[in-house]
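Asker: My questions will all concern the structure given below.
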Amino acid sequence: MNKSRTLGILAILLLAVAIAPSAQSYPTGISGAQDGGCSCHGQTASSDVVASLEGLPSELEAGATYTLNITFTGGPSYDDNANPAALGGFHLWVSDGVLAPVDEMVQLNSDGSVTHTGTDKADTGMGNDQRNWTVEWTAPMDGGAKFVLHVNSVNGDQTNGGDMWGKLTADVGPQPAEQASGLTVLASAILLMVVITLSCILWVFYRQDPGAFAWERFWPWFSDYITSTDHKKVGTLYMVNGLFFLGVGGLFALIFRVQLAVPGNDFLTQDEYNQFFTMHGTTMIFLAAMPMIAGFANWIVPLQIGAQDLALPRLNALAFWLNPAAALLLFSGIFSGQGADTGWTGYAPYIVSHTAHSGATLWVAGQILIVASSTISGINFMTTFCTMRAPGMGWMHMPLFSWSMLIATLMLFISIPAFGIGLIQVLLDRTIGTVFYEVAAGGDPLLWSHLFWYFGHPEVYVVVLPAFGVISEVLSTSARRTIFGYKSMVFALAGIGIVGFIVYGHHMFTSGMSPVLRFVTMLTTMLVAVPTGIKIFNWLQTMHGGSLVYRTHTLWALGFLVTFTLGGISGMYFPAVAMDLHLHETYFVVAHFHYVFVGGIVFGLYSGIYYWFPKATGRMMNEKIGILHFMTGFISYNLIFWPMHRLGIQGQPRRQHTYFITTDEYFALPPEAADWNMLITVAAFMFFASNLILVYNMISSGLRGQKAPSDPWGGWSMEWLVSSPPPTPSHDPSNLPVLEFAEIHGDSDPGFFGKMIQWMMIPEDDDGGEEE
Amino acid sequence: MEAGGEIFWYLFNIFNFWAAIVLVIVLVWLFYNSLKYRSKDGSNNNIDDFKPGVFPKENDDLKMELTWTIVPFILIVYLTYIAWGPIDEMWSADPDAHEINITGNQWYWDIDCDPFRGTENAPESNLSMENRSSTVFYNANGILICEISTIEVEGQIKPLLRVKADESYGFLLTSNDVTHAPFFLDWGLKEDTQPGMETRLYYTPSMDEVGSSLLMCTEYCGKDHGYMTAVVEVFE
């Protein structure tokens, strides 16, 4: 019964998808009229019609004027044309130099190309009763030119049916060196990364036991990973996925930094640039940062709270496998040449307008899968936290990384439905023609911005809070001190979690939204500085009286304190509305959020990689290579993003493929801005290279590093109880660890809320978490 | 000339001052602690009894925690108070302002002076603007207050808006397609143009701001977003 109902619903859905208007594409491809041809005289070029272009010299003289003769043979014009007043036509484009008509048979188009007259079907005496035409071409002062010629051979019945056309291309003079398009560069680089990643996986498999290497053993080993529901293996998948896309996102950044290295560059077209910065943001946030955080959460949370696995392991695997599917959707757009060009914010009404690329539909579909994935893993983690803490571990005894994941998951779970709703509306607008965002039909131009930022700002905290958690663990263990003010750290996390929901309006100060909302979000945004400040000062005080051991993870944590403080301080400039009006949408914003995203999140996660790597692999990481990674990474990172503050104050707008330097005519960016941009580009390549050191270190240490003890750093939380690497199940379900206390606590018994949650989440006949 | 208006630089300098103080405190504290309490591996004094599976001794001090809750809060209140003053300066309607309509299109600006909205007696000079390369508008006293013509920006023809210093202008912004935002670089102002909606900005350019500056689009609008420029000139 259920099965037939499901099949019925699926059939209806399939039918709906089939009859819904599908994506449009041009029969001749995706590019402009020159390649597409004279579609008004038939769809594709015919070999019967032979065009010829005479009068081009073999040796080009700069600036000279040449007379060109255009003729054609073949086609219906010669066969059975009954109308001598309509014989044919032509269209000639040239890449350089100037074309000019010599008589009234030829006209000049606004794009500099020439065509026959009489295109309005005025017959006699016009250019369309000819089979040959004459034009003049003045050669450019330097370099050669490329000609593209289309000719029409018409049958004279004044309709398009039965007409044919032919095409000719000609080069003259020296041709510029072929330059690969930005998309080709990107595709090659990603392909290279895929190959390297696959070889690394193979090599890791090979090095595990070189003597017993056999291809027959590879597939079982590999499929064990990709079909596993074990939280550690899913966590590894998340980490590999996250690091891979961190690299892809970096490639996007490198390519568009080349474009921005000098003003007025033409390395990328506007279209390519717009797709690349869109995919850079989307990749970094949804395919790099969030999977990496989910990877840490998967690996560490069950170990840390003394659970055998996550509460819902199969759901966990599903949440992961939605990510590669989403990535395929997000990226398939860009390789059609029509990738999403909306910015990671996907602002409506642009995203539903006809000028947005068709790949935006795929982008929206991919984002919906990300929303589904986040929601599923949110349910999973909240259930795990509520029901699977080890005996003796009250809410206020959870390690701070677990606390940060709990708050982050709650925030994500509450905020992401708004994004999901907006995405579904946009998808419907773009596919079946609803008008949620169509302003002419009464749509609100600000609706998307509100929905997006209601999600988008908490999303920033969702990714930064786990980094806070990592730093709390690392600093506390490295200094061998309990984190200073554990309770105020938890309250600060919760404070950020609550206030974070009512600050989103600061992204929209210039949007013309309600002045009340403008004022309120200015106050609340200022307020976020207080809990953030508490956390920074608590971290600083944690070191007091301790004995700080300098490991690579300690260095990244101290580096985090510097860069995150800078990012936090620059964030204070935006809630001041009158100041934001200048800084909004400039590089100052770019600098600020990269200090938070890279200097905060990525540095925090790097610290976490070095900290938990011995636990995950059972091997110590190479400290010397780690310190090299930190030094090169920290310096090149600051060289990239510190000058962006200056560029922003000088008024360089973000999301633009070029920038303008002050001339005698008008004031714009100062000439030094070009030098700063060049420096940023060079530093970006250095930063990218420095991260390859991390990848090398992870692989070589994972295979050949020293064996790690179960508690290499002297941490207290429960992940250090189990062996390195941990067994499966992670903690023995029949003998779960019990949290002990170094001193007597008065608050071990659950309070009112603790009892409430316990009552809601755990049935009374619960037998202690045994599997069925 | 300098990017950013008077209010921007006033707030920016105050914020910079306090940012520098906070940053110095954090960095000095960080370097002091991380150098003073450093130790070689193996010589740890485990004063909080770190042991796997054991919640360690507590380490807190309510007075200190309250200090760095309350002191930053006071600083925040002060900075909010400073920023509160000019919060609506550029949106407060000025009835005497000369109105200029700016309409965003993909990907060009339509700029249109309308200084006589609401008045009946436009001077003759306003009507005889055919055969001119520019459109000029005079006020009731015959003083030129707004001129629109064109200018070349890196090989492309863009609108040039000329306005008079010490005159009050109100910009009425809207869009014909998607969201755009004119960025008055020299004045440190921007406001989105939204389709189906009218937004406003008010500004009185000062004598210090005489000169031309580039106007750019600062809300992403598609392909030629980066080329969507104009030039604004303030004349004496």
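Chain lettering (A, B, ...) mirrors the order of the structure tokens, residue numbering begins at 1 for each chain separately, and ligand numbering begins at 1 in order of display.
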Counting only C-alpha atoms, what is within 9 Å of Glu6 (chain B), bar same-chain residues fewer than 3 positions away, as a PyMOL selection string?

Answerer: chain B and resi 9-11+187-188

Asker: Write out as a tab-separated table the residues of chain B that have any atom within 6 Å of an atom of chain A, one row each with the nearest atom pair and its distance in Å to one decimal, counting only C-alpha atoms, sorted by chain and then rising number.

Answerer:
```
residue	atom	partner	partner_atom	distance
B:Ala3	CA	A:Gln650	CA	5.5
B:Phe8	CA	A:Met579	CA	4.9
B:Tyr37	CA	A:Ser547	CA	5.1
B:Arg38	CA	A:Leu548	CA	4.3
B:Ser39	CA	A:Ser547	CA	5.2
B:Asp41	CA	A:Val549	CA	5.8
B:Asn44	CA	A:Ser547	CA	5.9
B:Asp48	CA	A:Arg481	CA	5.9
B:Phe50	CA	A:Trp716	CA	5.2
B:Lys51	CA	A:Trp716	CA	4.8
B:Pro52	CA	A:Trp716	CA	4.0
B:Gly53	CA	A:Met718	CA	4.8
B:Val54	CA	A:Glu740	CA	4.6
B:Phe55	CA	A:Phe741	CA	4.7
B:Pro56	CA	A:Ala742	CA	5.1
B:Lys57	CA	A:Ala742	CA	5.5
B:Asn59	CA	A:Phe484	CA	5.2
B:Asp60	CA	A:Gly485	CA	4.4
B:Ala83	CA	A:Ala576	CA	5.1
B:Ile87	CA	A:Ala578	CA	5.6
B:Val178	CA	A:Tyr350	CA	5.2
B:Gly188	CA	A:His582	CA	4.2
B:Leu189	CA	A:Leu581	CA	5.2
B:Lys190	CA	A:Leu581	CA	5.7
B:Glu191	CA	A:Thr510	CA	4.7
B:Asp192	CA	A:Ser511	CA	5.0
B:Thr199	CA	A:Gly512	CA	5.7
B:Ser212	CA	A:Tyr666	CA	4.7
B:Ser213	CA	A:Phe667	CA	4.2
B:Leu214	CA	A:Ala668	CA	5.5
B:Thr218	CA	A:Glu585	CA	5.9
B:Lys223	CA	A:Asp271	CA	5.6
B:Gly226	CA	A:Gln656	CA	4.6
```

Asker: Would you mind exporting N, CA and C atoms of the selected residues as a tab-separated table (two decimals), in the first residue's frame?

Answerer:
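Output file result-v9.tsv follows:
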```
chain	number	residue	atom	x	y	z
B	3	ALA	N	38.84	60.08	-0.60
B	3	ALA	CA	37.61	59.30	-0.54
B	3	ALA	C	37.02	59.40	0.86
B	8	PHE	N	32.34	60.53	7.77
B	8	PHE	CA	33.09	59.28	7.77
B	8	PHE	C	34.41	59.46	8.48
B	37	TYR	N	55.05	32.68	30.19
B	37	TYR	CA	54.62	31.37	30.70
B	37	TYR	C	55.00	30.23	29.77
B	38	ARG	N	55.97	30.48	28.89
B	38	ARG	CA	56.35	29.40	27.98
B	38	ARG	C	57.18	28.37	28.74
B	39	SER	N	57.15	27.16	28.24
B	39	SER	CA	57.97	26.14	28.89
B	39	SER	C	58.35	25.09	27.86
B	41	ASP	N	58.76	21.33	26.54
B	41	ASP	CA	57.93	20.15	26.77
B	41	ASP	C	58.61	19.27	27.84
B	44	ASN	N	56.32	20.49	32.62
B	44	ASN	CA	55.02	21.09	32.93
B	44	ASN	C	54.70	20.95	34.40
B	48	ASP	N	46.36	22.27	37.40
B	48	ASP	CA	44.92	22.07	37.40
B	48	ASP	C	44.54	20.59	37.33
B	50	PHE	N	45.27	18.01	35.12
B	50	PHE	CA	44.76	17.50	33.85
B	50	PHE	C	44.98	16.01	33.78
B	51	LYS	N	43.90	15.28	33.57
B	51	LYS	CA	43.99	13.83	33.42
B	51	LYS	C	42.83	13.43	32.53
B	52	PRO	N	43.07	12.58	31.53
B	52	PRO	CA	41.97	12.24	30.62
B	52	PRO	C	40.78	11.69	31.38
B	53	GLY	N	39.59	12.20	31.01
B	53	GLY	CA	38.37	11.71	31.62
B	53	GLY	C	38.05	12.35	32.96
B	54	VAL	N	38.85	13.36	33.36
B	54	VAL	CA	38.61	14.02	34.64
B	54	VAL	C	38.41	15.51	34.38
B	55	PHE	N	37.26	16.02	34.78
B	55	PHE	CA	37.00	17.45	34.61
B	55	PHE	C	37.95	18.20	35.55
B	56	PRO	N	38.83	19.08	34.98
B	56	PRO	CA	39.89	19.64	35.82
B	56	PRO	C	39.38	20.68	36.81
B	57	LYS	N	40.30	21.13	37.64
B	57	LYS	CA	39.97	22.17	38.62
B	57	LYS	C	39.48	23.41	37.91
B	59	ASN	N	39.04	27.32	37.02
B	59	ASN	CA	40.00	28.41	36.90
B	59	ASN	C	39.20	29.64	36.51
B	60	ASP	N	38.71	30.37	37.49
B	60	ASP	CA	38.00	31.60	37.13
B	60	ASP	C	38.11	32.62	38.24
B	83	ALA	N	28.28	57.23	17.22
B	83	ALA	CA	27.79	56.88	15.89
B	83	ALA	C	26.31	57.20	15.72
B	87	ILE	N	23.33	59.33	12.47
B	87	ILE	CA	22.79	58.10	11.87
B	87	ILE	C	21.85	58.38	10.72
B	178	VAL	N	17.30	45.68	-11.79
B	178	VAL	CA	17.74	45.00	-10.57
B	178	VAL	C	18.35	46.03	-9.62
B	188	GLY	N	31.69	59.78	0.41
B	188	GLY	CA	31.54	58.63	1.30
B	188	GLY	C	30.10	58.19	1.47
B	189	LEU	N	29.30	58.28	0.39
B	189	LEU	CA	27.88	57.94	0.48
B	189	LEU	C	27.52	56.91	-0.58
B	190	LYS	N	26.62	56.02	-0.23
B	190	LYS	CA	26.01	55.17	-1.24
B	190	LYS	C	24.64	54.74	-0.75
B	191	GLU	N	23.77	54.44	-1.69
B	191	GLU	CA	22.43	53.99	-1.33
B	191	GLU	C	21.93	53.15	-2.49
B	192	ASP	N	21.24	52.05	-2.17
B	192	ASP	CA	20.79	51.16	-3.24
B	192	ASP	C	19.67	51.80	-4.05
B	199	THR	N	14.34	55.23	-3.06
B	199	THR	CA	15.18	55.52	-1.91
B	199	THR	C	15.76	56.92	-2.09
B	212	SER	N	36.18	66.71	-9.66
B	212	SER	CA	35.42	65.59	-10.23
B	212	SER	C	35.82	64.29	-9.55
B	213	SER	N	34.85	63.43	-9.31
B	213	SER	CA	35.22	62.10	-8.84
B	213	SER	C	34.33	61.07	-9.50
B	214	LEU	N	34.86	59.85	-9.54
B	214	LEU	CA	34.18	58.77	-10.24
B	214	LEU	C	33.05	58.23	-9.39
B	218	THR	N	27.90	50.00	-6.60
B	218	THR	CA	28.36	49.17	-5.49
B	218	THR	C	27.27	48.23	-5.00
B	223	LYS	N	26.68	41.50	-15.59
B	223	LYS	CA	27.86	41.46	-16.45
B	223	LYS	C	28.73	42.71	-16.36
B	226	GLY	N	31.12	46.34	-13.30
B	226	GLY	CA	32.34	47.11	-13.09
B	226	GLY	C	32.46	48.32	-13.99
```

Asker: Rank B:Thr229, B:Thr204, B:Ser149, B:Asn141 by their smallest atom-to-atom distance to Leu185 (chain B), using only C-alpha atoms, and report the top residue only.

Answerer: B:Thr229

Asker: So how far away is CA of Met90 (chain B) from CA of Thr135 (chain B), in Å?

Answerer: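 Computing it gives 26.3 Å between the two atoms.
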
Asker: Extract the full set of helix (DSSP H, G or I) residues from region 214-287 of chain A according to DSSP on the backbone, and format it as a PyMOL selection string.

Answerer: chain A and resi 215-226+231-260+270-287

Asker: Taking 6 positions as the minimum chain separation for residues in the same chain, which residues sit within 8 Å of Ile407 (chain A) when counting only C-alpha atoms? Answer as a PyMOL selection string.

Answerer: chain A and resi 462+465+493-494+497

Asker: May I have the residues from that selection written out with C-alpha atoms, as a compact mmCIF listing (two decimals), in the first residue's frame?

Answerer:
```txt
# COMPACT_ATOMS: atom_id res chain seq x y z
CA VAL A 462 27.91 28.89 12.75
CA LEU A 465 31.97 29.27 16.82
CA LEU A 493 28.91 31.39 23.20
CA ALA A 494 25.21 31.37 24.01
CA GLY A 497 24.16 32.66 19.54
```

Asker: Point out the residue among A:Ile498, A:Phe468, A:Pro671, A:Gly505 with the least atom-to-atom distance to Gly600 (chain A), counting only C-alpha atoms.

Answerer: A:Phe468

Asker: With only C-alpha atoms as the counted atoms, please give the residues lying no more than 8 Å from Ala319 (chain A), apart from itself and same-chain residues fewer than 4 positions off, as a ChimeraX atom specification.

Answerer: /A:315,323,372-374,376-377

Asker: Step one, run DSSP on the backbone; step two, keep only residues of region 1-57 of chain B assigned to strand (DSSP E or B); then write them as a count of residues only.

Answerer: 5

Asker: Tell me, in Å to one decimal, how far CA of Arg619 (chain A) is from CA of Ala708 (chain A).

Answerer: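 A separation of 4.9 Å between them.
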
Asker: Counting only C-alpha atoms, what is within 10 Å of Ser228 (chain A), bar same-chain residues fewer than 4 positions away, as a PyMOL selection string?

Answerer: chain A and resi 223-224+232-234+237+313-314+316-317

Asker: Store the residues picked out above, limited to C-alpha atoms, as a PDB file, in the first residue's frame.

Answerer:
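Writing done, so here's again.pdb:
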```pdb
ATOM      1  CA  SER A 223      34.281   1.083  -0.528  1.00  0.00           C
ATOM      2  CA  ASP A 224      34.551   0.543   3.212  1.00  0.00           C
ATOM      3  CA  LYS A 232      35.186   8.652  12.243  1.00  0.00           C
ATOM      4  CA  LYS A 233      35.121   7.525   8.628  1.00  0.00           C
ATOM      5  CA  VAL A 234      32.338   9.960   7.725  1.00  0.00           C
ATOM      6  CA  LEU A 237      35.226  11.983   4.211  1.00  0.00           C
ATOM      7  CA  PRO A 313      24.729   7.179  12.049  1.00  0.00           C
ATOM      8  CA  ARG A 314      22.903   6.399   8.785  1.00  0.00           C
ATOM      9  CA  ASN A 316      24.958  11.149   9.266  1.00  0.00           C
ATOM     10  CA  ALA A 317      26.219   9.381   6.150  1.00  0.00           C
TER      11      ALA A 317
END
```

Asker: Could you list, as a PyMOL selection string, every residue within 8 Å of region 358-362 of chain A, counting only C-alpha atoms and ignoring same-chain residues fewer than 3 positions away?

Answerer: chain A and resi 23+329-330+332-334+336+338-342+351+365-366+427+430-431

Asker: Could the residues in this selection be written to a file with C-alpha atoms, as a PDB file, in the first residue's frame?

Answerer:
```
ATOM      1  CA  ALA A  23      16.202  25.349 -19.230  1.00  0.00           C
ATOM      2  CA  LEU A 329      25.148  20.774  -9.192  1.00  0.00           C
ATOM      3  CA  LEU A 330      26.960  23.952  -8.194  1.00  0.00           C
ATOM      4  CA  SER A 332      28.056  21.842 -13.542  1.00  0.00           C
ATOM      5  CA  GLY A 333      26.772  25.350 -14.202  1.00  0.00           C
ATOM      6  CA  ILE A 334      30.196  26.911 -14.453  1.00  0.00           C
ATOM      7  CA  SER A 336      28.618  25.145 -19.322  1.00  0.00           C
ATOM      8  CA  GLN A 338      26.847  29.928 -17.902  1.00  0.00           C
ATOM      9  CA  GLY A 339      27.614  29.361 -14.223  1.00  0.00           C
ATOM     10  CA  ALA A 340      25.871  31.284 -11.490  1.00  0.00           C
ATOM     11  CA  ASP A 341      27.005  34.907 -11.561  1.00  0.00           C
ATOM     12  CA  THR A 342      24.990  36.135  -8.624  1.00  0.00           C
ATOM     13  CA  ILE A 351      18.957  36.172  -9.539  1.00  0.00           C
ATOM     14  CA  ALA A 365      19.339  23.523  -6.653  1.00  0.00           C
ATOM     15  CA  GLY A 366      22.774  22.721  -5.201  1.00  0.00           C
ATOM     16  CA  LEU A 427      13.922  27.923  -7.946  1.00  0.00           C
ATOM     17  CA  ARG A 430      13.376  30.453 -12.358  1.00  0.00           C
ATOM     18  CA  THR A 431      11.752  27.234 -13.525  1.00  0.00           C
TER      19      THR A 431
END
```

Asker: If we count only C-alpha atoms and set the cut-off at 10 Å, which residues sit around Leu160 (chain B), ignoring sequence neighbours fewer than 4 positions away in its own chain? Please answer as a ChimeraX atom specification.

Answerer: /B:111,134,147-152,212-215,229-233

Asker: Restricting the calculation to only C-alpha atoms, which member of B:Thr179, B:Ala165, B:Phe137, B:Met216 is positioned closest to Ser449 (chain A)?

Answerer: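 Smallest distance to Ser449 (chain A) is found for B:Thr179.
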
Asker: Between B:Phe235, B:Trp107, B:Tyr202, B:Phe15, which has the minimum distance to Cys217 (chain B) (counting only C-alpha atoms)?

Answerer: B:Trp107

Asker: Would you mind reading off the distance between CA of Gly142 (chain B) and CA of Glu236 (chain B), one decimal, in Å?

Answerer: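 Result for CA of Gly142 (chain B) versus CA of Glu236 (chain B): 15.1 Å, one decimal.
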
Asker: From the set A:Leu694, A:Val426, A:Ile421, A:Met678, which residue has the shortest atom-to-atom contact distance to Met631 (chain A), counting only C-alpha atoms?

Answerer: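 Selected residue with least distance to Met631 (chain A): A:Leu694.
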